[in-house]
>>> print(open('run23.txt').read())   # compact mmCIF, C-alpha atoms and all ligand atoms
# COMPACT_ATOMS: atom_id res chain seq x y z
CA MET A 1 203.46 117.03 202.77
CA ARG A 2 205.81 117.27 199.85
CA THR A 3 205.52 114.43 197.26
CA HIS A 4 208.60 113.21 195.37
CA PRO A 5 208.37 112.44 191.64
CA PRO A 6 208.81 108.68 190.96
CA SER A 7 212.37 107.62 190.17
CA ARG A 8 213.33 106.43 186.67
CA LYS A 9 213.62 102.90 188.02
CA VAL A 10 210.02 102.96 189.33
CA ILE A 11 208.74 104.31 185.99
CA ALA A 12 210.55 101.52 184.11
CA VAL A 13 209.05 98.84 186.38
CA LEU A 14 205.53 100.30 185.98
CA ALA A 15 205.92 100.50 182.19
CA ALA A 16 207.09 96.89 181.99
CA ALA A 17 204.11 95.76 184.10
CA LEU A 18 201.66 97.68 181.92
CA LEU A 19 203.18 96.25 178.75
CA ALA A 20 202.94 92.72 180.10
CA THR A 21 199.24 93.18 180.96
CA GLY A 22 198.53 94.63 177.51
CA VAL A 23 200.21 91.77 175.70
CA ALA A 24 198.32 89.22 177.77
CA ALA A 25 195.01 90.95 176.98
CA CYS A 26 195.64 90.87 173.22
CA GLY A 27 197.18 87.43 172.93
CA ASN A 28 195.56 84.04 172.52
CA SER A 29 197.95 81.26 173.32
CA ASP A 30 195.97 78.54 171.53
CA THR A 31 195.64 80.25 168.20
CA GLY A 32 198.39 82.85 168.27
CA GLY A 33 195.52 85.25 167.58
CA SER A 34 194.61 88.70 168.78
CA GLY A 35 191.02 88.02 169.93
CA GLY A 36 190.02 91.15 171.84
CA ASP A 37 189.12 91.47 175.52
CA ASP A 38 185.47 91.09 174.62
CA GLY A 39 186.11 87.76 172.86
CA THR A 40 185.61 89.19 169.35
CA ILE A 41 187.22 86.97 166.73
CA THR A 42 189.43 88.71 164.17
CA LEU A 43 189.35 87.17 160.69
CA GLY A 44 191.88 88.10 158.01
CA PHE A 45 190.35 87.41 154.60
CA SER A 46 192.22 87.67 151.30
CA GLN A 47 189.85 87.85 148.33
CA VAL A 48 190.92 87.07 144.75
CA GLY A 49 189.70 90.39 143.33
CA ALA A 50 186.56 91.76 141.70
CA GLU A 51 186.83 90.06 138.32
CA SER A 52 183.24 88.85 137.96
CA GLY A 53 179.64 89.16 139.13
CA TRP A 54 180.23 85.95 141.06
CA ARG A 55 183.15 87.50 142.94
CA THR A 56 181.16 90.62 143.83
CA ALA A 57 178.35 88.46 145.23
CA ASN A 58 180.89 86.37 147.16
CA THR A 59 182.49 89.46 148.72
CA THR A 60 179.08 90.82 149.74
CA SER A 61 178.14 87.47 151.27
CA ILE A 62 181.37 87.34 153.32
CA LYS A 63 181.13 90.93 154.56
CA GLU A 64 177.45 90.62 155.51
CA ALA A 65 177.98 87.28 157.25
CA ALA A 66 180.93 88.64 159.27
CA THR A 67 178.84 91.58 160.49
CA GLU A 68 175.96 89.24 161.30
CA ALA A 69 178.26 86.91 163.31
CA GLY A 70 180.00 89.80 165.12
CA ILE A 71 183.36 88.83 163.62
CA ASP A 72 185.94 91.58 163.09
CA LEU A 73 186.77 91.18 159.37
CA LYS A 74 190.05 92.47 157.93
CA PHE A 75 189.35 92.29 154.19
CA ASP A 76 192.01 92.47 151.49
CA ASP A 77 191.43 92.57 147.70
CA ALA A 78 194.37 90.95 145.88
CA GLN A 79 193.41 92.22 142.43
CA GLN A 80 193.91 88.79 140.87
CA LYS A 81 197.61 88.64 141.90
CA GLN A 82 199.12 85.82 143.94
CA GLU A 83 201.93 88.05 145.27
CA ASN A 84 199.29 90.39 146.75
CA GLN A 85 197.59 87.47 148.47
CA ILE A 86 200.90 86.25 149.93
CA LYS A 87 201.63 89.78 151.18
CA ALA A 88 198.14 90.03 152.74
CA ILE A 89 198.50 86.67 154.51
CA ARG A 90 201.91 87.75 155.90
CA ASN A 91 200.33 90.97 157.18
CA PHE A 92 197.56 88.98 158.86
CA VAL A 93 200.19 86.81 160.56
CA GLN A 94 202.04 89.91 161.77
CA GLN A 95 198.80 91.42 163.06
CA LYS A 96 198.16 88.15 164.92
CA VAL A 97 194.59 87.75 163.64
CA ASP A 98 192.71 84.77 165.10
CA VAL A 99 191.87 83.02 161.83
CA ILE A 100 192.95 83.49 158.21
CA ALA A 101 190.70 82.58 155.28
CA PHE A 102 191.40 83.05 151.60
CA SER A 103 190.32 82.12 148.12
CA PRO A 104 193.57 81.26 146.31
CA VAL A 105 193.84 82.90 142.90
CA VAL A 106 195.91 79.96 141.59
CA GLU A 107 196.39 76.43 142.94
CA SER A 108 200.15 76.20 143.45
CA GLY A 109 202.87 78.08 145.34
CA TRP A 110 201.30 78.42 148.80
CA ASP A 111 203.34 76.11 151.04
CA THR A 112 205.84 78.67 152.38
CA VAL A 113 203.30 81.26 153.47
CA LEU A 114 200.93 78.61 154.83
CA LYS A 115 203.80 77.21 156.94
CA GLU A 116 204.37 80.72 158.31
CA ALA A 117 200.72 80.87 159.39
CA ARG A 118 200.93 77.39 160.93
CA ASP A 119 204.15 78.31 162.83
CA ALA A 120 202.30 81.33 164.21
CA LYS A 121 199.49 78.95 165.26
CA ILE A 122 196.89 80.78 163.18
CA PRO A 123 194.36 78.37 161.62
CA VAL A 124 193.74 78.79 157.89
CA ILE A 125 190.50 78.07 156.02
CA LEU A 126 190.36 77.76 152.23
CA THR A 127 187.17 79.03 150.69
CA ASP A 128 185.85 78.83 147.11
CA ARG A 129 189.16 77.59 145.61
CA SER A 130 191.67 75.06 146.89
CA VAL A 131 195.45 74.70 146.73
CA ASP A 132 197.49 71.75 145.43
CA SER A 133 199.68 71.42 148.58
CA ALA A 134 200.49 67.81 149.47
CA ASP A 135 200.63 68.76 153.17
CA LYS A 136 196.97 68.90 154.19
CA SER A 137 197.91 70.05 157.72
CA LEU A 138 198.60 73.51 156.26
CA TYR A 139 194.89 74.33 156.39
CA LYS A 140 191.94 73.24 158.50
CA THR A 141 189.27 72.82 155.86
CA PHE A 142 188.19 73.69 152.33
CA LEU A 143 184.70 75.11 151.77
CA GLY A 144 183.63 75.40 148.14
CA SER A 145 182.23 73.88 144.97
CA ASP A 146 183.21 70.73 143.10
CA PHE A 147 184.50 72.43 139.94
CA VAL A 148 185.16 69.14 138.13
CA LYS A 149 181.51 68.25 138.63
CA GLU A 150 180.41 71.63 137.23
CA GLY A 151 182.44 71.01 134.06
CA ARG A 152 181.12 67.48 133.83
CA LEU A 153 177.47 68.60 134.17
CA ALA A 154 178.04 71.13 131.38
CA GLY A 155 179.59 68.43 129.16
CA GLU A 156 176.91 65.85 129.91
CA TRP A 157 174.19 68.30 128.91
CA LEU A 158 175.96 68.92 125.61
CA VAL A 159 176.41 65.19 124.94
CA GLU A 160 172.66 64.74 125.40
CA GLN A 161 171.82 67.71 123.13
CA LYS A 162 174.09 66.51 120.35
CA LYS A 163 173.42 62.79 120.54
CA ALA A 164 171.87 62.79 117.07
CA ALA A 165 174.84 64.60 115.45
CA THR A 166 176.31 62.64 112.56
CA GLY A 167 179.21 65.01 111.77
CA PRO A 168 181.75 66.99 113.83
CA VAL A 169 180.47 69.48 116.41
CA THR A 170 183.08 72.21 116.87
CA ILE A 171 183.50 73.63 120.37
CA VAL A 172 185.48 76.63 121.57
CA GLU A 173 186.35 77.01 125.24
CA LEU A 174 186.88 80.20 127.25
CA GLN A 175 188.97 79.16 130.23
CA GLY A 176 189.09 80.96 133.56
CA THR A 177 192.26 82.40 135.09
CA THR A 178 195.27 80.30 134.08
CA GLY A 179 196.38 78.01 136.91
CA SER A 180 193.23 78.56 138.99
CA ALA A 181 191.35 75.58 140.40
CA PRO A 182 188.05 76.39 138.62
CA ALA A 183 189.80 76.73 135.25
CA ASN A 184 191.77 73.50 135.67
CA ASP A 185 188.86 71.50 137.05
CA ARG A 186 186.05 72.73 134.80
CA LYS A 187 188.22 72.03 131.77
CA LYS A 188 188.90 68.52 133.05
CA GLY A 189 185.27 67.70 133.89
CA PHE A 190 183.98 69.01 130.57
CA ALA A 191 186.63 67.13 128.54
CA GLU A 192 185.87 63.88 130.39
CA ALA A 193 182.13 64.19 129.73
CA ILE A 194 182.32 65.05 126.01
CA ALA A 195 184.74 62.16 125.42
CA ALA A 196 181.54 60.06 125.35
CA ASN A 197 180.86 61.33 121.81
CA PRO A 198 183.83 61.45 119.40
CA ASN A 199 181.94 63.95 117.21
CA LEU A 200 182.36 66.61 119.92
CA LYS A 201 185.70 68.35 119.37
CA ILE A 202 187.29 71.31 121.17
CA VAL A 203 188.98 73.27 118.37
CA ALA A 204 190.22 76.23 120.43
CA SER A 205 190.70 76.82 124.16
CA GLN A 206 192.12 79.96 125.73
CA SER A 207 191.93 81.97 128.95
CA GLY A 208 189.62 84.99 129.21
CA ASP A 209 190.66 85.45 132.87
CA PHE A 210 187.06 85.16 134.13
CA THR A 211 186.29 88.73 132.93
CA ARG A 212 183.76 90.12 130.43
CA ALA A 213 186.48 92.05 128.60
CA GLY A 214 188.61 88.89 128.36
CA GLY A 215 185.66 86.84 127.11
CA LYS A 216 184.85 89.36 124.40
CA GLN A 217 188.44 89.72 123.21
CA VAL A 218 189.19 85.99 123.05
CA MET A 219 185.84 85.21 121.40
CA GLU A 220 186.64 87.74 118.67
CA GLN A 221 189.86 85.83 117.98
CA PHE A 222 188.03 82.49 118.00
CA LEU A 223 185.48 83.79 115.49
CA LYS A 224 188.19 85.11 113.16
CA ALA A 225 190.20 81.88 113.26
CA ASN A 226 187.30 79.39 113.07
CA PRO A 227 184.70 79.80 110.32
CA LYS A 228 182.42 77.20 111.94
CA ILE A 229 181.79 77.35 115.67
CA ASP A 230 178.86 75.28 116.95
CA VAL A 231 179.33 75.55 120.70
CA LEU A 232 180.95 77.88 123.24
CA PHE A 233 181.80 76.55 126.70
CA ALA A 234 182.71 79.52 128.93
CA HIS A 235 184.06 78.78 132.41
CA ASN A 236 181.90 81.57 133.85
CA ASP A 237 178.92 83.78 133.02
CA ASP A 238 180.96 86.96 132.70
CA MET A 239 183.15 85.60 129.91
CA GLY A 240 180.02 84.25 128.21
CA LEU A 241 178.39 87.69 128.47
CA GLY A 242 181.48 89.33 126.94
CA ALA A 243 181.46 86.71 124.17
CA LEU A 244 177.83 87.59 123.35
CA GLU A 245 179.00 91.00 122.12
CA ALA A 246 181.64 89.43 119.85
CA ILE A 247 179.15 86.88 118.49
CA THR A 248 176.49 89.50 117.73
CA ALA A 249 179.10 91.78 116.14
CA ALA A 250 180.12 88.86 113.89
CA GLY A 251 176.51 88.68 112.64
CA LYS A 252 175.67 85.43 114.46
CA VAL A 253 172.73 84.76 116.77
CA PRO A 254 173.87 83.63 120.25
CA GLY A 255 171.92 80.69 121.60
CA LYS A 256 170.87 79.66 118.06
CA ASP A 257 173.86 79.76 115.67
CA ILE A 258 176.16 79.05 118.59
CA THR A 259 175.05 77.01 121.61
CA ILE A 260 176.39 78.70 124.75
CA ILE A 261 177.09 76.89 128.01
CA THR A 262 178.47 78.70 131.07
CA VAL A 263 179.06 78.26 134.81
CA ASP A 264 177.93 80.38 137.82
CA ALA A 265 174.24 81.39 137.33
CA VAL A 266 174.60 84.99 138.52
CA LYS A 267 171.63 87.25 137.70
CA ASP A 268 173.03 88.60 134.41
CA GLY A 269 173.86 85.10 133.25
CA MET A 270 170.43 83.83 134.23
CA GLN A 271 168.84 86.75 132.36
CA ALA A 272 170.82 85.83 129.22
CA LEU A 273 169.65 82.23 129.66
CA ALA A 274 166.01 83.24 130.14
CA ASP A 275 166.31 85.48 127.04
CA GLY A 276 167.52 82.54 124.93
CA LYS A 277 171.07 83.88 124.44
CA PHE A 278 172.66 81.24 126.67
CA ASN A 279 171.53 77.61 126.48
CA PHE A 280 172.64 76.03 129.76
CA ILE A 281 174.31 77.04 133.04
CA ALA A 282 175.96 74.87 135.70
CA GLU A 283 175.50 76.70 138.99
CA CYS A 284 178.40 77.73 141.26
CA SER A 285 177.13 79.40 144.43
CA PRO A 286 179.02 82.44 145.79
CA LEU A 287 176.93 82.59 148.98
CA LEU A 288 179.63 81.09 151.18
CA GLY A 289 179.68 83.77 153.90
CA PRO A 290 177.43 82.22 156.59
CA GLN A 291 179.09 78.76 156.35
CA LEU A 292 182.52 80.38 156.41
CA MET A 293 181.78 82.36 159.59
CA ASP A 294 180.46 79.21 161.24
CA LEU A 295 183.76 77.46 160.41
CA VAL A 296 185.79 80.45 161.63
CA GLU A 297 184.09 80.23 165.02
CA LYS A 298 184.57 76.47 165.19
CA VAL A 299 188.28 76.42 164.29
CA HIS A 300 188.89 79.34 166.66
CA ASN A 301 187.28 77.35 169.47
CA GLY A 302 189.45 74.35 168.59
CA GLU A 303 186.47 72.25 167.41
CA GLU A 304 186.93 69.53 164.78
CA VAL A 305 185.64 70.44 161.31
CA PRO A 306 185.32 68.25 158.20
CA ALA A 307 188.35 68.48 155.90
CA ARG A 308 186.10 69.22 152.91
CA ILE A 309 182.70 70.92 152.77
CA GLU A 310 181.08 70.89 149.35
CA THR A 311 178.60 73.56 148.24
CA GLN A 312 175.20 72.28 147.08
CA GLU A 313 174.47 73.32 143.50
CA THR A 314 172.19 72.67 140.53
CA THR A 315 171.95 73.37 136.79
CA PHE A 316 169.60 75.56 134.73
CA THR A 317 167.99 75.26 131.31
CA GLN A 318 166.30 78.26 129.67
CA GLU A 319 162.89 77.33 131.10
CA GLN A 320 164.29 76.78 134.60
CA ALA A 321 166.06 80.16 134.44
CA LYS A 322 162.77 81.93 133.68
CA GLU A 323 161.25 80.33 136.78
CA ALA A 324 164.21 80.97 139.07
CA LEU A 325 165.05 84.54 138.04
CA PRO A 326 162.46 86.45 140.12
CA ASN A 327 163.85 84.96 143.35
CA ARG A 328 167.53 84.98 142.41
CA LYS A 329 169.55 86.63 145.19
CA TYR A 330 172.71 87.45 143.23
O1 LIG B 401 186.24 80.52 141.86
C1 LIG B 401 184.96 80.74 141.39
C2 LIG B 401 185.03 81.43 140.06
O2 LIG B 401 185.73 82.65 140.19
C3 LIG B 401 183.72 81.82 139.45
O3 LIG B 401 183.15 80.81 138.69
C4 LIG B 401 184.14 82.95 138.60
O4 LIG B 401 183.07 83.71 138.08
C5 LIG B 401 184.99 83.66 139.56
O5 LIG B 401 185.70 84.69 139.06
>>> encode(input="run23.txt", output="structure tokens")
Amino acid sequence: MRTHPPSRKVIAVLAAALLATGVAACGNSDTGGSGGDDGTITLGFSQVGAESGWRTANTTSIKEAATEAGIDLKFDDAQQKQENQIKAIRNFVQQKVDVIAFSPVVESGWDTVLKEARDAKIPVILTDRSVDSADKSLYKTFLGSDFVKEGRLAGEWLVEQKKAATGPVTIVELQGTTGSAPANDRKKGFAEAIAANPNLKIVASQSGDFTRAGGKQVMEQFLKANPKIDVLFAHNDDMGLGALEAITAAGKVPGKDITIITVDAVKDGMQALADGKFNFIAECSPLLGPQLMDLVEKVHNGEEVPARIETQETTFTQEQAKEALPNRKY
């Protein structure tokens, strides 16, 4: 029997039916997401960059935790630029990922893109850093450290160390990335704590962008402009490590001539502390991956999550660093 080729009309109907089935298989009406046939959750994650040892450890933690949880991670490195993060988030919306998470490089300027994600019904999780949006419905939760507390712990330690000082104690401050939550908050917490002793004075404060190179360069300027520097407060280990080079090159002994306080407690920072080059570190944990993946699963399933989840952290003196170093994971 002779078979007739299907008419154009039949082909069009079949194509439309196939397309409809495909769309249904990829779509997720609750979240606007693309969760695959097998139920795999797709997470779009926009990372700040690779500016510090902390950031590298954070990226590793997120990638490993996603693999462990069976989550399909679409990872984007924004190279410390807000416009790159906005572009990445828009791409995630277009790709219809199930959940978006990001660590905002700066605090402000996110409302428009976050509204786009909300309109597309894609839940957003903030991790590590927060945004200053008044509309809290733009994101489901914020997982990360209390940066004000970190600055305050650093300042309180210094107040205690210098309680016997009878004259001025001059402090220079290496700030993190301008406009970022950790830079704003650590500065605030530290300033509030040292206000307890009017002898403690910040004589210079400038951004080193959370990088070693930035810390070194700005510390060189501080040393040239200020003949007497008693204390350096660096908003992260990497800037403190960069500053060590400038201090040594200026013929001063770090940890002795200049008391050095930092934040993070990554391995290199802890080594400098154990070696007596740093004097105190307020910890900021980058190991957020497992908690983040847990939240991704929960918000994807429509479960309630707390609006704020604070990371548990501690502080380290030189002696405590020596003890903790052998087991330090990052
Ligand atoms: O947001 C956390 C901060 O970002 C870390 O303290 C710093 O090292 C990183 O670059």
>>> residues_around(input="run23.txt", residues="Phe142 in chain A", least_positions_apart="5", cutoff="8 Å", atoms="all atoms listed in the file", output="PDB file with C-alpha atoms, keeping the file's coordinate frame")
ATOM      1  CA  ILE A 125     190.500  78.070 156.020  1.00  0.00           C
ATOM      2  CA  LEU A 126     190.360  77.760 152.230  1.00  0.00           C
ATOM      3  CA  THR A 127     187.170  79.030 150.690  1.00  0.00           C
ATOM      4  CA  ASP A 128     185.850  78.830 147.110  1.00  0.00           C
ATOM      5  CA  ARG A 129     189.160  77.590 145.610  1.00  0.00           C
ATOM      6  CA  SER A 130     191.670  75.060 146.890  1.00  0.00           C
ATOM      7  CA  ALA A 307     188.350  68.480 155.900  1.00  0.00           C
ATOM      8  CA  ARG A 308     186.100  69.220 152.910  1.00  0.00           C
ATOM      9  CA  ILE A 309     182.700  70.920 152.770  1.00  0.00           C
TER      10      ILE A 309
END
>>> residues_near_ligand(input="run23.txt", ligand="ligand LIG 401 (chain B)", cutoff="6 Å", atoms="all atoms listed in the file", output="compact mmCIF listing (two decimals) with C-alpha atoms, keeping the file's coordinate frame")
# COMPACT_ATOMS: atom_id res chain seq x y z
CA GLU A 51 186.83 90.06 138.32
CA SER A 52 183.24 88.85 137.96
CA TRP A 54 180.23 85.95 141.06
CA ARG A 55 183.15 87.50 142.94
CA ASP A 128 185.85 78.83 147.11
CA ARG A 129 189.16 77.59 145.61
CA PRO A 182 188.05 76.39 138.62
CA PHE A 210 187.06 85.16 134.13
CA ASN A 236 181.90 81.57 133.85
CA ASP A 264 177.93 80.38 137.82
>>> residues_around(input="run23.txt", residues="Phe45 in chain A", least_positions_apart="6", cutoff="9 Å", atoms="all atoms listed in the file", output="ChimeraX atom specification")
/A:73-77,88-89,92,99-103
>>> residues_around(input="run23.txt", residues="Gln175 in chain A", least_positions_apart="6", cutoff="9 Å", atoms="all atoms listed in the file", output="PyMOL selection string")
chain A and resi 182-184+186-187+205-210+215+233-236+239
>>> write_last_selection(input="run23.txt", atoms="C-alpha atoms", output="PDB file, in the coordinates of the input")
ATOM      1  CA  PRO A 182     188.050  76.390 138.620  1.00  0.00           C
ATOM      2  CA  ALA A 183     189.800  76.730 135.250  1.00  0.00           C
ATOM      3  CA  ASN A 184     191.770  73.500 135.670  1.00  0.00           C
ATOM      4  CA  ARG A 186     186.050  72.730 134.800  1.00  0.00           C
ATOM      5  CA  LYS A 187     188.220  72.030 131.770  1.00  0.00           C
ATOM      6  CA  SER A 205     190.700  76.820 124.160  1.00  0.00           C
ATOM      7  CA  GLN A 206     192.120  79.960 125.730  1.00  0.00           C
ATOM      8  CA  SER A 207     191.930  81.970 128.950  1.00  0.00           C
ATOM      9  CA  GLY A 208     189.620  84.990 129.210  1.00  0.00           C
ATOM     10  CA  ASP A 209     190.660  85.450 132.870  1.00  0.00           C
ATOM     11  CA  PHE A 210     187.060  85.160 134.130  1.00  0.00           C
ATOM     12  CA  GLY A 215     185.660  86.840 127.110  1.00  0.00           C
ATOM     13  CA  PHE A 233     181.800  76.550 126.700  1.00  0.00           C
ATOM     14  CA  ALA A 234     182.710  79.520 128.930  1.00  0.00           C
ATOM     15  CA  HIS A 235     184.060  78.780 132.410  1.00  0.00           C
ATOM     16  CA  ASN A 236     181.900  81.570 133.850  1.00  0.00           C
ATOM     17  CA  MET A 239     183.150  85.600 129.910  1.00  0.00           C
TER      18      MET A 239
END
>>> residues_around(input="run23.txt", residues="Thr166 in chain A", least_positions_apart="4", cutoff="12 Å", atoms="all atoms listed in the file", output="ChimeraX atom specification")
/A:162,197-200
>>> atom_distance(input="run23.txt", atom1="CA of Thr67 in chain A", atom2="CA of Thr40 in chain A")
11.4 Å
>>> atom_distance(input="run23.txt", atom1="CA of Thr141 in chain A", atom2="CA of Pro123 in chain A")
9.5 Å
>>> closest_residue(input="run23.txt", among="A:Gln221, A:Gln79, A:Lys201, A:Asp119", to="Val159 in chain A", atoms="all atoms listed in the file")
A:Lys201
>>> closest_residue(input="run23.txt", among="A:Glu303, A:Asp230, A:Glu160, A:Glu310", to="Ile258 in chain A", atoms="only C-alpha atoms")
A:Asp230
>>> atom_distance(input="run23.txt", atom1="CA of Thr56 in chain A", atom2="CA of Leu292 in chain A")
16.3 Å
>>> closest_residue(input="run23.txt", among="A:Asp135, A:Ile260, A:His300, A:Thr211", to="Thr42 in chain A", atoms="only C-alpha atoms")
A:His300
>>> closest_residue(input="run23.txt", among="A:Asn301, A:Ser46, A:Ser61, A:Thr317", to="Lys81 in chain A", atoms="all atoms listed in the file")
A:Ser46
>>> residues_around(input="run23.txt", residues="Thr59 in chain A", least_positions_apart="6", cutoff="9 Å", atoms="all atoms listed in the file", output="list in words")
Gln47, Ala50, Pro286, Leu287 and Gly289 of chain A
>>> closest_residue(input="run23.txt", among="A:Gln94, A:Gln217, A:Ser285, A:Ser137", to="Lys329 in chain A", atoms="only C-alpha atoms")
A:Ser285
>>> build_atoms(input="run23.txt", residues="range 138-153 of chain A", atoms="N, CA, C and O atoms", output="PDB file, keeping the file's coordinate frame")
ATOM      1  N   LEU A 138     198.372  72.070 156.419  1.00  0.00           N
ATOM      2  CA  LEU A 138     198.600  73.510 156.260  1.00  0.00           C
ATOM      3  C   LEU A 138     197.302  74.320 156.354  1.00  0.00           C
ATOM      4  O   LEU A 138     197.332  75.532 156.492  1.00  0.00           O
ATOM      5  N   TYR A 139     196.176  73.634 156.242  1.00  0.00           N
ATOM      6  CA  TYR A 139     194.890  74.330 156.390  1.00  0.00           C
ATOM      7  C   TYR A 139     193.889  73.403 157.074  1.00  0.00           C
ATOM      8  O   TYR A 139     194.044  72.182 157.046  1.00  0.00           O
ATOM      9  N   LYS A 140     192.881  74.023 157.694  1.00  0.00           N
ATOM     10  CA  LYS A 140     191.940  73.240 158.500  1.00  0.00           C
ATOM     11  C   LYS A 140     190.855  72.598 157.647  1.00  0.00           C
ATOM     12  O   LYS A 140     190.390  71.497 157.940  1.00  0.00           O
ATOM     13  N   THR A 141     190.372  73.328 156.661  1.00  0.00           N
ATOM     14  CA  THR A 141     189.270  72.820 155.860  1.00  0.00           C
ATOM     15  C   THR A 141     189.182  73.587 154.545  1.00  0.00           C
ATOM     16  O   THR A 141     189.776  74.658 154.410  1.00  0.00           O
ATOM     17  N   PHE A 142     188.459  73.007 153.600  1.00  0.00           N
ATOM     18  CA  PHE A 142     188.190  73.690 152.330  1.00  0.00           C
ATOM     19  C   PHE A 142     186.691  73.699 152.085  1.00  0.00           C
ATOM     20  O   PHE A 142     186.056  72.657 151.941  1.00  0.00           O
ATOM     21  N   LEU A 143     186.133  74.916 152.029  1.00  0.00           N
ATOM     22  CA  LEU A 143     184.700  75.110 151.770  1.00  0.00           C
ATOM     23  C   LEU A 143     184.535  75.634 150.350  1.00  0.00           C
ATOM     24  O   LEU A 143     185.053  76.707 150.022  1.00  0.00           O
ATOM     25  N   GLY A 144     183.835  74.897 149.510  1.00  0.00           N
ATOM     26  CA  GLY A 144     183.630  75.400 148.140  1.00  0.00           C
ATOM     27  C   GLY A 144     183.018  74.347 147.233  1.00  0.00           C
ATOM     28  O   GLY A 144     182.659  73.249 147.662  1.00  0.00           O
ATOM     29  N   SER A 145     182.915  74.713 145.959  1.00  0.00           N
ATOM     30  CA  SER A 145     182.230  73.880 144.970  1.00  0.00           C
ATOM     31  C   SER A 145     183.124  72.746 144.476  1.00  0.00           C
ATOM     32  O   SER A 145     184.339  72.791 144.623  1.00  0.00           O
ATOM     33  N   ASP A 146     182.488  71.769 143.843  1.00  0.00           N
ATOM     34  CA  ASP A 146     183.210  70.730 143.100  1.00  0.00           C
ATOM     35  C   ASP A 146     183.281  71.214 141.649  1.00  0.00           C
ATOM     36  O   ASP A 146     182.326  71.037 140.885  1.00  0.00           O
ATOM     37  N   PHE A 147     184.387  71.830 141.279  1.00  0.00           N
ATOM     38  CA  PHE A 147     184.500  72.430 139.940  1.00  0.00           C
ATOM     39  C   PHE A 147     184.561  71.378 138.825  1.00  0.00           C
ATOM     40  O   PHE A 147     184.118  71.633 137.709  1.00  0.00           O
ATOM     41  N   VAL A 148     185.125  70.220 139.139  1.00  0.00           N
ATOM     42  CA  VAL A 148     185.160  69.140 138.130  1.00  0.00           C
ATOM     43  C   VAL A 148     183.730  68.743 137.784  1.00  0.00           C
ATOM     44  O   VAL A 148     183.365  68.588 136.613  1.00  0.00           O
ATOM     45  N   LYS A 149     182.915  68.630 138.827  1.00  0.00           N
ATOM     46  CA  LYS A 149     181.510  68.250 138.630  1.00  0.00           C
ATOM     47  C   LYS A 149     180.787  69.299 137.770  1.00  0.00           C
ATOM     48  O   LYS A 149     179.994  68.948 136.883  1.00  0.00           O
ATOM     49  N   GLU A 150     181.055  70.570 138.024  1.00  0.00           N
ATOM     50  CA  GLU A 150     180.410  71.630 137.230  1.00  0.00           C
ATOM     51  C   GLU A 150     180.741  71.458 135.744  1.00  0.00           C
ATOM     52  O   GLU A 150     179.871  71.539 134.878  1.00  0.00           O
ATOM     53  N   GLY A 151     182.027  71.216 135.450  1.00  0.00           N
ATOM     54  CA  GLY A 151     182.440  71.010 134.060  1.00  0.00           C
ATOM     55  C   GLY A 151     181.789  69.769 133.469  1.00  0.00           C
ATOM     56  O   GLY A 151     181.350  69.757 132.317  1.00  0.00           O
ATOM     57  N   ARG A 152     181.706  68.738 134.302  1.00  0.00           N
ATOM     58  CA  ARG A 152     181.120  67.480 133.830  1.00  0.00           C
ATOM     59  C   ARG A 152     179.620  67.660 133.518  1.00  0.00           C
ATOM     60  O   ARG A 152     179.126  67.202 132.482  1.00  0.00           O
ATOM     61  N   LEU A 153     178.912  68.360 134.402  1.00  0.00           N
ATOM     62  CA  LEU A 153     177.470  68.600 134.170  1.00  0.00           C
ATOM     63  C   LEU A 153     177.259  69.376 132.872  1.00  0.00           C
ATOM     64  O   LEU A 153     176.334  69.083 132.100  1.00  0.00           O
TER      65      LEU A 153
END
